[in-house]
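Engineer: Next comes the structure file target_23.txt, holding compact mmCIF, C-alpha atoms and all ligand atoms.
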```
# COMPACT_ATOMS: atom_id res chain seq x y z
CA MET A 28 -19.16 21.37 -19.44
CA ASN A 29 -19.89 18.23 -17.42
CA LEU A 30 -18.85 18.55 -13.80
CA MET A 31 -17.98 16.15 -10.98
CA GLN A 32 -17.21 16.36 -7.27
CA ALA A 33 -13.53 16.06 -6.39
CA LEU A 34 -11.21 16.48 -3.43
CA VAL A 35 -8.46 18.78 -4.65
CA LYS A 36 -5.20 19.97 -3.10
CA THR A 37 -5.32 23.48 -4.53
CA ALA A 38 -2.41 25.15 -2.68
CA PRO A 39 0.22 24.13 -0.09
CA ASP A 40 -2.15 25.18 2.71
CA LYS A 41 -5.49 24.39 1.08
CA ILE A 42 -7.70 21.38 0.29
CA GLU A 43 -11.05 21.98 -1.41
CA PHE A 44 -13.99 19.68 -2.05
CA LYS A 45 -15.30 21.24 -5.24
CA MET A 46 -16.85 20.82 -8.67
CA VAL A 47 -14.35 20.32 -11.48
CA ALA A 48 -14.63 19.28 -15.13
CA ILE A 49 -14.96 15.56 -15.86
CA PRO A 50 -11.69 14.79 -17.67
CA HIS A 51 -11.47 13.48 -21.25
CA CYS A 52 -9.45 10.44 -22.31
CA GLY A 53 -6.28 10.88 -24.30
CA PRO A 54 -5.62 8.07 -26.83
CA ARG A 55 -4.02 5.79 -24.19
CA ASP A 56 -6.18 6.74 -21.20
CA VAL A 57 -9.03 4.99 -19.43
CA LEU A 58 -11.82 7.02 -17.78
CA ILE A 59 -13.41 5.24 -14.84
CA ARG A 60 -16.46 5.94 -12.71
CA VAL A 61 -14.82 5.64 -9.28
CA LYS A 62 -16.92 3.36 -7.06
CA ALA A 63 -14.59 3.14 -4.04
CA ALA A 64 -11.29 4.79 -3.14
CA ALA A 65 -8.98 4.16 -0.18
CA LEU A 66 -7.07 6.68 1.89
CA CYS A 67 -3.31 6.09 2.25
CA GLY A 68 -0.53 7.62 4.36
CA THR A 69 0.85 9.21 1.18
CA ASP A 70 -2.41 11.18 0.75
CA LEU A 71 -1.96 12.53 4.29
CA HIS A 72 1.61 13.63 3.46
CA ILE A 73 0.28 15.55 0.45
CA CYS A 74 -2.56 17.06 2.53
CA ASP A 75 0.00 18.22 5.11
CA TRP A 76 2.41 19.37 2.38
CA ASN A 77 5.26 18.04 4.51
CA SER A 78 8.92 17.96 3.46
CA TRP A 79 8.40 14.70 1.52
CA ALA A 80 5.49 16.19 -0.44
CA GLN A 81 7.42 19.39 -1.12
CA GLY A 82 10.25 17.36 -2.65
CA ALA A 83 8.09 14.88 -4.58
CA ASN A 84 7.70 16.89 -7.81
CA ILE A 85 3.96 17.38 -7.26
CA LYS A 86 2.17 20.05 -9.27
CA LEU A 87 -0.90 21.75 -7.77
CA PRO A 88 -3.84 21.75 -8.14
CA LEU A 89 -4.00 17.96 -7.76
CA ILE A 90 -7.01 15.67 -7.31
CA LEU A 91 -5.96 13.52 -4.34
CA GLY A 92 -6.11 9.73 -4.01
CA HIS A 93 -4.45 6.83 -5.83
CA GLU A 94 -6.02 3.61 -4.51
CA CYS A 95 -9.33 2.91 -6.23
CA CYS A 96 -11.71 0.61 -8.01
CA GLY A 97 -14.43 1.47 -10.49
CA ASP A 98 -16.07 0.76 -13.82
CA VAL A 99 -14.69 1.81 -17.18
CA GLU A 100 -16.80 4.69 -18.48
CA ALA A 101 -14.83 5.56 -21.63
CA ILE A 102 -11.58 4.54 -23.33
CA GLY A 103 -9.05 6.35 -25.52
CA SER A 104 -8.76 5.55 -29.22
CA ASP A 105 -5.72 3.25 -28.78
CA ILE A 106 -7.01 1.20 -25.84
CA THR A 107 -7.55 -2.52 -26.40
CA THR A 108 -6.87 -3.90 -22.92
CA VAL A 109 -10.18 -2.93 -21.31
CA LYS A 110 -13.65 -2.03 -22.57
CA VAL A 111 -16.52 0.12 -21.29
CA GLY A 112 -18.16 -1.58 -18.30
CA ASP A 113 -15.08 -3.55 -17.17
CA LYS A 114 -14.23 -3.43 -13.46
CA VAL A 115 -10.74 -2.04 -12.89
CA ALA A 116 -8.45 -1.28 -9.98
CA SER A 117 -5.60 1.24 -10.06
CA GLU A 118 -1.96 0.23 -10.31
CA THR A 119 -0.27 3.45 -9.28
CA HIS A 120 3.22 2.87 -10.71
CA ILE A 121 3.20 4.34 -14.21
CA PRO A 122 6.44 3.28 -15.97
CA CYS A 123 8.02 5.00 -18.98
CA GLY A 124 8.40 1.82 -21.03
CA ARG A 125 11.80 2.90 -22.33
CA CYS A 126 14.39 2.70 -19.51
CA TYR A 127 16.72 -0.13 -18.42
CA GLN A 128 14.27 -1.43 -15.79
CA CYS A 129 11.30 -1.28 -18.16
CA PHE A 130 13.22 -3.31 -20.74
CA ASN A 131 14.38 -5.84 -18.13
CA GLY A 132 11.22 -6.98 -16.40
CA GLN A 133 11.27 -4.41 -13.58
CA GLN A 134 8.90 -1.74 -14.83
CA HIS A 135 7.47 -1.32 -11.30
CA ILE A 136 10.78 0.39 -10.39
CA CYS A 137 11.13 2.28 -13.69
CA SER A 138 13.85 4.96 -13.58
CA ASN A 139 11.30 7.56 -14.70
CA LEU A 140 8.45 6.28 -12.58
CA LYS A 141 5.35 8.48 -12.35
CA LEU A 142 2.70 7.85 -9.72
CA PHE A 143 -1.05 8.04 -10.26
CA GLY A 144 -2.61 10.51 -7.80
CA ILE A 145 0.76 12.14 -7.13
CA HIS A 146 2.23 13.17 -10.48
CA MET A 147 -1.16 13.19 -12.21
CA ASN A 148 -4.71 13.68 -10.95
CA GLY A 149 -6.03 10.88 -8.75
CA CYS A 150 -9.25 9.20 -7.73
CA PHE A 151 -10.91 11.09 -4.86
CA ALA A 152 -13.52 12.17 -7.42
CA GLU A 153 -16.54 10.78 -9.23
CA TYR A 154 -14.42 10.04 -12.30
CA ALA A 155 -10.69 9.48 -12.82
CA ILE A 156 -8.34 9.08 -15.76
CA ILE A 157 -5.93 6.16 -15.37
CA PRO A 158 -3.16 5.66 -17.95
CA GLU A 159 -3.67 2.38 -19.85
CA ILE A 160 -0.99 0.43 -17.97
CA GLY A 161 -2.43 1.36 -14.58
CA ALA A 162 -6.02 0.33 -15.35
CA ARG A 163 -5.97 -3.28 -14.20
CA LYS A 164 -9.05 -5.30 -15.14
CA ILE A 165 -10.09 -7.38 -12.13
CA PRO A 166 -12.63 -10.19 -11.68
CA THR A 167 -16.17 -8.87 -11.17
CA ALA A 168 -16.48 -11.09 -8.06
CA ILE A 169 -14.08 -8.79 -6.16
CA PRO A 170 -16.24 -6.12 -4.46
CA TYR A 171 -15.40 -2.45 -5.06
CA GLU A 172 -14.10 -1.79 -1.55
CA LEU A 173 -11.66 -4.71 -1.79
CA GLY A 174 -10.66 -3.67 -5.30
CA ALA A 175 -9.84 -0.25 -3.87
CA VAL A 176 -7.25 -1.70 -1.48
CA MET A 177 -5.55 -4.01 -3.97
CA GLU A 178 -2.72 -1.54 -4.49
CA PRO A 179 -1.51 -1.57 -0.83
CA LEU A 180 -2.51 -5.23 -0.44
CA GLY A 181 -0.31 -6.04 -3.42
CA THR A 182 2.70 -4.39 -1.81
CA ALA A 183 2.25 -6.56 1.28
CA LEU A 184 1.50 -9.74 -0.67
CA ARG A 185 4.56 -9.21 -2.84
CA ALA A 186 6.78 -8.77 0.25
CA VAL A 187 5.42 -11.95 1.81
CA HIS A 188 5.73 -13.85 -1.48
CA GLU A 189 9.38 -12.83 -1.87
CA ALA A 190 10.03 -13.82 1.74
CA LYS A 191 9.06 -17.44 0.97
CA VAL A 192 6.97 -17.94 4.09
CA SER A 193 5.66 -21.46 3.51
CA GLY A 194 6.24 -23.37 6.75
CA ALA A 195 8.19 -20.45 8.23
CA ASN A 196 8.04 -18.60 11.54
CA VAL A 197 7.18 -15.04 10.50
CA VAL A 198 7.20 -11.74 12.38
CA VAL A 199 5.36 -8.74 10.95
CA ILE A 200 6.55 -5.46 12.47
CA GLY A 201 3.89 -2.74 12.43
CA CYS A 202 0.15 -3.36 11.99
CA GLY A 203 -0.92 -0.36 9.96
CA PRO A 204 -2.81 -1.30 6.79
CA ILE A 205 0.36 -2.61 5.11
CA GLY A 206 1.36 -4.77 8.10
CA LEU A 207 -2.20 -6.08 8.47
CA PHE A 208 -2.28 -7.02 4.80
CA ALA A 209 1.09 -8.74 5.32
CA VAL A 210 -0.39 -10.79 8.18
CA ALA A 211 -3.29 -11.89 5.95
CA SER A 212 -0.87 -12.66 3.10
CA ALA A 213 1.43 -14.70 5.35
CA ALA A 214 -1.58 -16.74 6.51
CA ALA A 215 -2.69 -17.27 2.90
CA LEU A 216 0.77 -18.33 1.74
CA GLY A 217 1.20 -20.90 4.47
CA ALA A 218 3.34 -19.40 7.24
CA ALA A 219 3.71 -21.79 10.17
CA THR A 220 3.40 -19.06 12.81
CA ILE A 221 2.73 -15.33 12.57
CA THR A 222 3.72 -12.89 15.30
CA ALA A 223 2.70 -9.25 14.83
CA THR A 224 3.99 -6.19 16.70
CA ASP A 225 2.68 -2.64 17.04
CA ILE A 226 2.24 0.03 19.69
CA SER A 227 -1.55 0.22 19.24
CA GLU A 228 -3.74 -2.35 21.02
CA SER A 229 -6.61 -1.90 18.56
CA ARG A 230 -4.34 -2.61 15.61
CA LEU A 231 -2.93 -5.69 17.36
CA GLU A 232 -6.48 -6.88 17.96
CA THR A 233 -7.17 -6.51 14.21
CA ALA A 234 -3.96 -8.44 13.47
CA ARG A 235 -5.25 -11.34 15.58
CA ARG A 236 -8.51 -11.33 13.60
CA MET A 237 -6.49 -11.46 10.38
CA GLY A 238 -4.32 -14.45 11.29
CA ALA A 239 -1.62 -13.50 13.80
CA GLN A 240 -1.35 -16.11 16.56
CA VAL A 241 0.83 -13.93 18.79
CA THR A 242 0.78 -10.13 19.12
CA LEU A 243 3.30 -8.03 21.03
CA ASN A 244 3.01 -4.41 22.06
CA ALA A 245 6.39 -2.73 21.52
CA LEU A 246 5.61 -0.25 24.32
CA GLN A 247 5.17 -3.05 26.85
CA ALA A 248 7.33 -6.00 25.78
CA ASP A 249 11.05 -6.39 25.17
CA ILE A 250 10.34 -7.78 21.73
CA PRO A 251 13.72 -9.39 20.88
CA LYS A 252 13.78 -11.06 24.32
CA VAL A 253 10.23 -12.42 24.09
CA ILE A 254 10.73 -13.74 20.57
CA MET A 255 14.11 -15.36 21.30
CA GLU A 256 12.61 -17.04 24.39
CA LYS A 257 9.99 -18.66 22.15
CA ILE A 258 12.15 -19.42 19.09
CA SER A 259 15.74 -19.65 20.27
CA ALA A 260 17.24 -19.95 16.78
CA GLY A 261 15.51 -16.71 15.78
CA VAL A 262 12.72 -16.33 13.23
CA ASP A 263 12.94 -17.31 9.57
CA VAL A 264 11.28 -14.22 8.13
CA ILE A 265 10.68 -10.64 9.22
CA ILE A 266 8.40 -8.31 7.28
CA GLU A 267 9.15 -4.72 8.33
CA ALA A 268 6.06 -2.54 7.90
CA SER A 269 6.44 0.07 10.66
CA GLY A 270 9.10 2.36 9.23
CA ASN A 271 10.20 2.91 12.83
CA ALA A 272 14.01 3.21 12.97
CA GLN A 273 14.29 1.60 16.41
CA ALA A 274 12.08 -1.31 15.38
CA TYR A 275 14.29 -1.79 12.33
CA GLU A 276 17.45 -1.92 14.47
CA GLN A 277 15.95 -4.31 17.04
CA SER A 278 14.56 -6.69 14.45
CA PHE A 279 17.97 -7.97 13.34
CA HIS A 280 18.47 -9.35 16.88
CA PHE A 281 15.72 -11.91 16.41
CA LEU A 282 16.29 -12.82 12.76
CA ARG A 283 17.82 -16.29 12.61
CA LYS A 284 21.11 -16.95 10.82
CA GLY A 285 20.31 -17.32 7.14
CA GLY A 286 16.91 -15.65 7.64
CA ARG A 287 15.11 -13.25 5.33
CA MET A 288 14.36 -9.63 6.19
CA VAL A 289 11.89 -7.96 3.85
CA LEU A 290 11.68 -4.18 4.07
CA ILE A 291 8.56 -2.19 3.21
CA GLY A 292 8.53 0.52 5.93
CA LEU A 293 10.15 3.84 5.07
CA PRO A 294 12.18 5.19 8.01
CA SER A 295 12.18 8.97 8.31
CA LYS A 296 15.72 8.90 9.73
CA SER A 297 18.88 6.84 9.32
CA VAL A 298 18.94 3.31 10.73
CA ASN A 299 22.05 2.06 12.55
CA LEU A 300 22.98 -1.49 11.69
CA ASN A 301 26.01 -3.52 12.68
CA LEU A 302 26.50 -4.93 9.18
CA GLY A 303 29.13 -7.47 10.25
CA LYS A 304 27.11 -9.00 13.07
CA ASP A 305 23.59 -8.41 11.76
CA VAL A 306 24.05 -9.15 8.08
CA VAL A 307 27.41 -10.61 7.00
CA PHE A 308 28.01 -13.32 9.63
CA LYS A 309 24.30 -13.96 9.80
CA GLU A 310 24.06 -14.31 6.03
CA ALA A 311 20.85 -12.34 6.33
CA GLU A 312 19.00 -11.86 3.08
CA ILE A 313 17.66 -8.30 2.87
CA ILE A 314 15.00 -7.57 0.28
CA GLY A 315 13.60 -4.09 -0.42
CA ILE A 316 10.08 -3.87 -1.79
CA HIS A 317 8.66 -0.95 -3.74
CA GLY A 318 5.12 -1.76 -4.76
CA ARG A 319 3.85 -4.67 -6.80
CA LYS A 320 5.45 -6.71 -9.56
CA MET A 321 3.66 -5.72 -12.75
CA PHE A 322 1.77 -7.84 -13.14
CA GLU A 323 2.66 -11.12 -11.43
CA THR A 324 1.56 -9.76 -8.05
CA TRP A 325 -1.81 -8.71 -9.47
CA THR A 326 -2.46 -12.14 -10.94
CA GLN A 327 -1.57 -13.81 -7.63
CA MET A 328 -3.72 -11.35 -5.68
CA GLU A 329 -6.72 -11.77 -7.99
CA ASN A 330 -6.50 -15.55 -7.76
CA LEU A 331 -6.28 -15.50 -3.97
CA LEU A 332 -9.08 -12.93 -3.56
CA ALA A 333 -11.35 -14.75 -6.00
CA ALA A 334 -10.71 -18.01 -4.08
CA GLY A 335 -11.58 -16.29 -0.79
CA LYS A 336 -8.12 -17.01 0.60
CA LEU A 337 -7.11 -13.51 1.64
CA ASN A 338 -8.87 -12.46 4.83
CA ILE A 339 -8.49 -8.68 4.41
CA LYS A 340 -11.91 -7.30 5.37
CA PRO A 341 -11.02 -6.64 9.03
CA ALA A 342 -8.41 -4.09 7.86
CA ILE A 343 -11.19 -1.91 6.40
CA THR A 344 -12.41 -0.15 9.54
CA HIS A 345 -14.27 2.93 8.24
CA GLU A 346 -16.32 3.86 5.17
CA PHE A 347 -17.65 7.31 4.22
CA PRO A 348 -19.25 9.08 1.28
CA LEU A 349 -16.52 11.27 -0.24
CA ASP A 350 -18.18 14.49 0.95
CA GLN A 351 -17.36 13.35 4.52
CA TRP A 352 -13.65 13.32 3.63
CA GLN A 353 -12.72 15.45 6.66
CA GLN A 354 -13.94 12.76 9.05
CA GLY A 355 -12.02 10.08 7.18
CA ILE A 356 -8.80 12.07 7.23
CA ALA A 357 -9.16 12.88 10.93
CA LEU A 358 -9.61 9.18 11.74
CA ALA A 359 -6.62 8.12 9.67
CA ARG A 360 -4.47 10.77 11.35
CA ASP A 361 -5.20 9.63 14.87
CA GLY A 362 -3.58 6.26 14.07
CA ARG A 363 -6.31 3.94 15.29
CA ALA A 364 -8.17 3.40 12.03
CA GLY A 365 -7.20 0.70 9.58
CA LYS A 366 -8.08 1.40 5.98
CA VAL A 367 -10.58 4.23 5.38
CA ILE A 368 -12.73 3.90 2.23
CA PHE A 369 -14.44 6.81 0.44
CA TYR A 370 -17.41 6.38 -1.87
CA PRO A 371 -17.49 9.24 -4.41
N1 LIG A 401 7.67 0.13 0.09
C1 LIG A 401 6.48 0.46 -0.39
O1 LIG A 401 6.15 0.25 -1.56
C2 LIG A 401 5.50 1.09 0.57
C3 LIG A 401 4.15 1.24 0.18
C4 LIG A 401 3.25 1.75 1.14
C5 LIG A 401 3.71 2.13 2.39
N2 LIG A 401 5.05 2.01 2.69
C6 LIG A 401 5.56 2.31 4.03
O2 LIG A 401 5.24 1.17 4.82
C7 LIG A 401 5.02 1.57 6.19
C8 LIG A 401 3.66 1.07 6.65
O3 LIG A 401 2.62 1.70 5.91
P1 LIG A 401 1.19 1.89 6.59
O4 LIG A 401 0.33 2.60 5.60
O5 LIG A 401 0.72 0.62 7.17
O6 LIG A 401 1.61 2.93 7.74
P2 LIG A 401 1.08 3.16 9.23
O7 LIG A 401 1.77 4.39 9.71
O8 LIG A 401 -0.40 3.14 9.23
O9 LIG A 401 1.59 1.87 10.02
C9 LIG A 401 2.77 1.81 10.73
C10 LIG A 401 2.47 1.05 12.02
O10 LIG A 401 3.69 0.83 12.73
C11 LIG A 401 3.40 0.97 14.09
N3 LIG A 401 4.63 1.20 14.85
C12 LIG A 401 5.23 2.37 15.19
N4 LIG A 401 6.32 2.14 15.94
C13 LIG A 401 6.43 0.81 16.08
C14 LIG A 401 7.36 -0.04 16.75
N5 LIG A 401 8.40 0.45 17.42
N6 LIG A 401 7.17 -1.38 16.67
C15 LIG A 401 6.12 -1.90 16.00
N7 LIG A 401 5.20 -1.12 15.35
C16 LIG A 401 5.35 0.21 15.39
C17 LIG A 401 2.40 2.11 14.16
O11 LIG A 401 1.66 2.13 15.36
C18 LIG A 401 1.52 1.81 12.94
O12 LIG A 401 0.41 0.99 13.29
C19 LIG A 401 5.21 3.07 6.21
O13 LIG A 401 6.54 3.36 6.58
C20 LIG A 401 4.96 3.47 4.76
O14 LIG A 401 5.62 4.67 4.44
C21 LIG A 401 5.92 1.50 1.80
ZN ZN A 402 -0.98 4.22 -1.20
ZN ZN A 403 11.04 3.02 -17.38
```
Give the structure from the file, written as structure tokens.
Structural biologist:
Amino acid sequence: MNLMQALVKTAPDKIEFKMVAIPHCGPRDVLIRVKAAALCGTDLHICDWNSWAQGANIKLPLILGHECCGDVEAIGSDITTVKVGDKVASETHIPCGRCYQCFNGQQHICSNLKLFGIHMNGCFAEYAIIPEIGARKIPTAIPYELGAVMEPLGTALRAVHEAKVSGANVVVIGCGPIGLFAVASAAALGAATITATDISESRLETARRMGAQVTLNALQADIPKVIMEKISAGVDVIIEASGNAQAYEQSFHFLRKGGRMVLIGLPSKSVNLNLGKDVVFKEAEIIGIHGRKMFETWTQMENLLAAGKLNIKPAITHEFPLDQWQQGIALARDGRAGKVIFYP
């Protein structure tokens, strides 16, 4: 049996870096040699086996990781979309192809959605099986470490695209990897001004390097007051990428009438809104975003990356060989790192 190194969640209280069998392709699978993989907050939830992970229909043992880029090593008998040697990145939303959403152009929010690296083995390993639809062929000019972050980048780019930021005053709330990618996307898509907020000075510093002209620390500034002093009508667009319930509530105070609020962050508790004042009379447009449009967002992202128009490198703050996974996870947990990349 051929073996490979993999990071495996083997039990609710156990993660093991161990040798496992290299998987074989089913007829509609793609086997890739993983060249770079990125750590995401979702991986930390599974590591911790928190209440979300316990309720997410995850079967153990599970090879962790869902954001990756690599080269096609082998293909199943029915695969025609990629060939051995192609460079691919992982789209993690695996739709059923048969539900209402799948038949109506919304397969990314399929009613029976399965997630790569969550409901099937992932990519923190030397090799990974990706179902055909999730193996996205990308231009060879995109380096592996950038290919590995296309999944989260795509979520941010899609949010910014739907927010129609051209010529707009934009506020990005939260400068974790998703918020940082939103800042870069807003710059690429022609926002007039970008203000970014966070509670971490190092993340705000990264946001400035990625295109934010103004950064505000939510622990120090009265954010609605500062923003309304600068732009008295309120801002055109808010991209929420903190998931912080209080930040969510505050943000409606500085959205202009008729403005667009695009929601990516997932609050862990209920958010109190005054729907009359904050939404109805304001005619606020509220748009929820769950991942990337399949595959319009990918096409847009590939074009922008290939043209050098998405300045995302500053968000990648740490890189490790996969066997140093413990260091990577510790850094991501302490909240100061941007994106952590593993090289299996
Ligand atoms: N909708 C989707 O498809 C999707 C995909 C990926 C992640 N998410 C969610 O998006 C959010 C961001 O993801 P991430 O990986 O960047 O997470 P993250 O935890 O790394 O980033 C959140 C950031 O918000 C900051 N923050 C906390 N309180 C704040 C406040 N009051 N004001 C401003 N900033 C504040 C934190 O310091 C942190 O930098 C999370 O809620 C995550 O669950 C959603
Ligand atoms: Zn992710
Ligand atoms: Zn479906």
Engineer: Could you list, as JSON, numbers by chain, all residues that come within 6 Å of ligand LIG 401 (chain A)? Count all atoms listed in the file.
Structural biologist: {"A": [68, 182, 200, 201, 202, 203, 204, 205, 206, 224, 225, 226, 227, 245, 268, 269, 270, 271, 274, 291, 292, 293, 316, 317, 318]}
Engineer: Which residues are close to Leu184 in chain A, i.e. within 8 Å by only C-alpha atoms, leaving aside same-chain residues fewer than 3 positions away? Reply as a list in words.
Structural biologist: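 Once the nearby chain positions are removed, what remains is Leu180, Gly181, Val187, His188, Phe208, Ala209, Ser212, Ala213, Thr324 and Met328 of chain A.
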Engineer: Give as a PyMOL selection string the residues surrounding ligand ZN 403 (chain A) up to a distance of 8 Å, considering only C-alpha atoms and all ligand atoms.
Structural biologist: chain A and resi 122-130+134+136-140
Engineer: List every residue of chain A that has an atom at most 7 Å from any atom of ligand ZN 402 (chain A), and for each one report the closest atom pair and its distance in Å to one decimal, counting all atoms listed in the file, with rows sorted by chain and then by increasing residue number, as CSV.
Structural biologist:
```
residue,atom,partner,partner_atom,distance
A:Cys67,CA,A:ZN402,ZN,4.6
A:Gly68,CA,A:ZN402,ZN,6.5
A:Thr69,CA,A:ZN402,ZN,5.8
A:His93,CA,A:ZN402,ZN,6.3
A:Glu94,CA,A:ZN402,ZN,6.1
A:Glu178,CA,A:ZN402,ZN,6.9
A:Pro179,CA,A:ZN402,ZN,5.8
```
Engineer: The selected residues should be written to file as a PDB file, in the frame of the given file (atoms: C-alpha atoms).
Structural biologist:
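Printed below is selection03.pdb as written:
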```pdb
ATOM      1  CA  CYS A  67      -3.310   6.090   2.250  1.00  0.00           C
ATOM      2  CA  GLY A  68      -0.530   7.620   4.360  1.00  0.00           C
ATOM      3  CA  THR A  69       0.850   9.210   1.180  1.00  0.00           C
ATOM      4  CA  HIS A  93      -4.450   6.830  -5.830  1.00  0.00           C
ATOM      5  CA  GLU A  94      -6.020   3.610  -4.510  1.00  0.00           C
ATOM      6  CA  GLU A 178      -2.720  -1.540  -4.490  1.00  0.00           C
ATOM      7  CA  PRO A 179      -1.510  -1.570  -0.830  1.00  0.00           C
TER       8      PRO A 179
END
```
Engineer: Which residues of range 146-232 of chain A sit at most 7 Å from range 107-118 of chain A, using all atoms listed in the file? Give each one's shortest atom pair and distance in Å (one decimal place), in chain and ascending residue order, as a tab-separated table.
Structural biologist:
```
residue	atom	partner	partner_atom	distance
A:Gly161	CA	A:Glu118	CA	4.4
A:Ala162	CA	A:Ser117	CA	5.4
A:Arg163	CA	A:Val115	CA	5.1
A:Lys164	CA	A:Val115	CA	4.3
A:Ile165	CA	A:Val115	CA	5.4
A:Thr167	CA	A:Lys114	CA	6.2
A:Gly174	CA	A:Ala116	CA	5.7
A:Ala175	CA	A:Ala116	CA	6.4
A:Glu178	CA	A:Glu118	CA	6.1
```
Engineer: Need the shell around Gly362 in chain A: protein/DNA/RNA residues with any atom at most 10 Å away, counting all atoms listed in the file. Skip same-chain ones fewer than 2 positions apart. Format as a PDB file with C-alpha atoms, in the coordinates of the input?
Structural biologist:
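So the final result, stored in around11.pdb, reads:
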```pdb
ATOM      1  CA  GLY A 203      -0.920  -0.360   9.960  1.00  0.00           C
ATOM      2  CA  SER A 227      -1.550   0.220  19.240  1.00  0.00           C
ATOM      3  CA  SER A 229      -6.610  -1.900  18.560  1.00  0.00           C
ATOM      4  CA  ARG A 230      -4.340  -2.610  15.610  1.00  0.00           C
ATOM      5  CA  ALA A 357      -9.160  12.880  10.930  1.00  0.00           C
ATOM      6  CA  LEU A 358      -9.610   9.180  11.740  1.00  0.00           C
ATOM      7  CA  ALA A 359      -6.620   8.120   9.670  1.00  0.00           C
ATOM      8  CA  ARG A 360      -4.470  10.770  11.350  1.00  0.00           C
ATOM      9  CA  ALA A 364      -8.170   3.400  12.030  1.00  0.00           C
ATOM     10  CA  GLY A 365      -7.200   0.700   9.580  1.00  0.00           C
TER      11      GLY A 365
END
```
Engineer: Between CA of Glu232 in chain A and CA of Trp325 in chain A, what is the distance, to one decimal in Å?
Structural biologist: 27.9 Å
Engineer: A:Pro371, A:Lys257, A:Val241, A:Ala186: which is nearest Arg287 in chain A, counting all atoms listed in the file?
Structural biologist: A:Ala186
Engineer: Using 6 Å of padding on each side, determine the axis-aligned box around all atoms of range 67-82 of chain A present in the file and give its centre and edge lengths in Å to one decimal, as lines of an AutoDock Vina configuration file.
Structural biologist:
```
center_x = 3.5
center_y = 12.7
center_z = 1.2
size_x = 25.6
size_y = 25.3
size_z = 19.8
```
Engineer: Need to verify the contact set: Gly144 in chain A, 7 Å, all atoms listed in the file, exclusion of same-chain residues closer than 3 positions in sequence. Can you return it as a list in words?
Structural biologist: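 The residues satisfying every condition are Ile90, Leu91, Gly92, His93, Met147, Asn148, Gly149 and Cys150 of chain A.
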Engineer: Might you pull out every residue within 8 Å of Gln277 in chain A, with only C-alpha atoms counted and same-chain residues fewer than 4 positions away left off, and present them as JSON, numbers by chain?
Structural biologist: {"A": [251, 273, 281]}
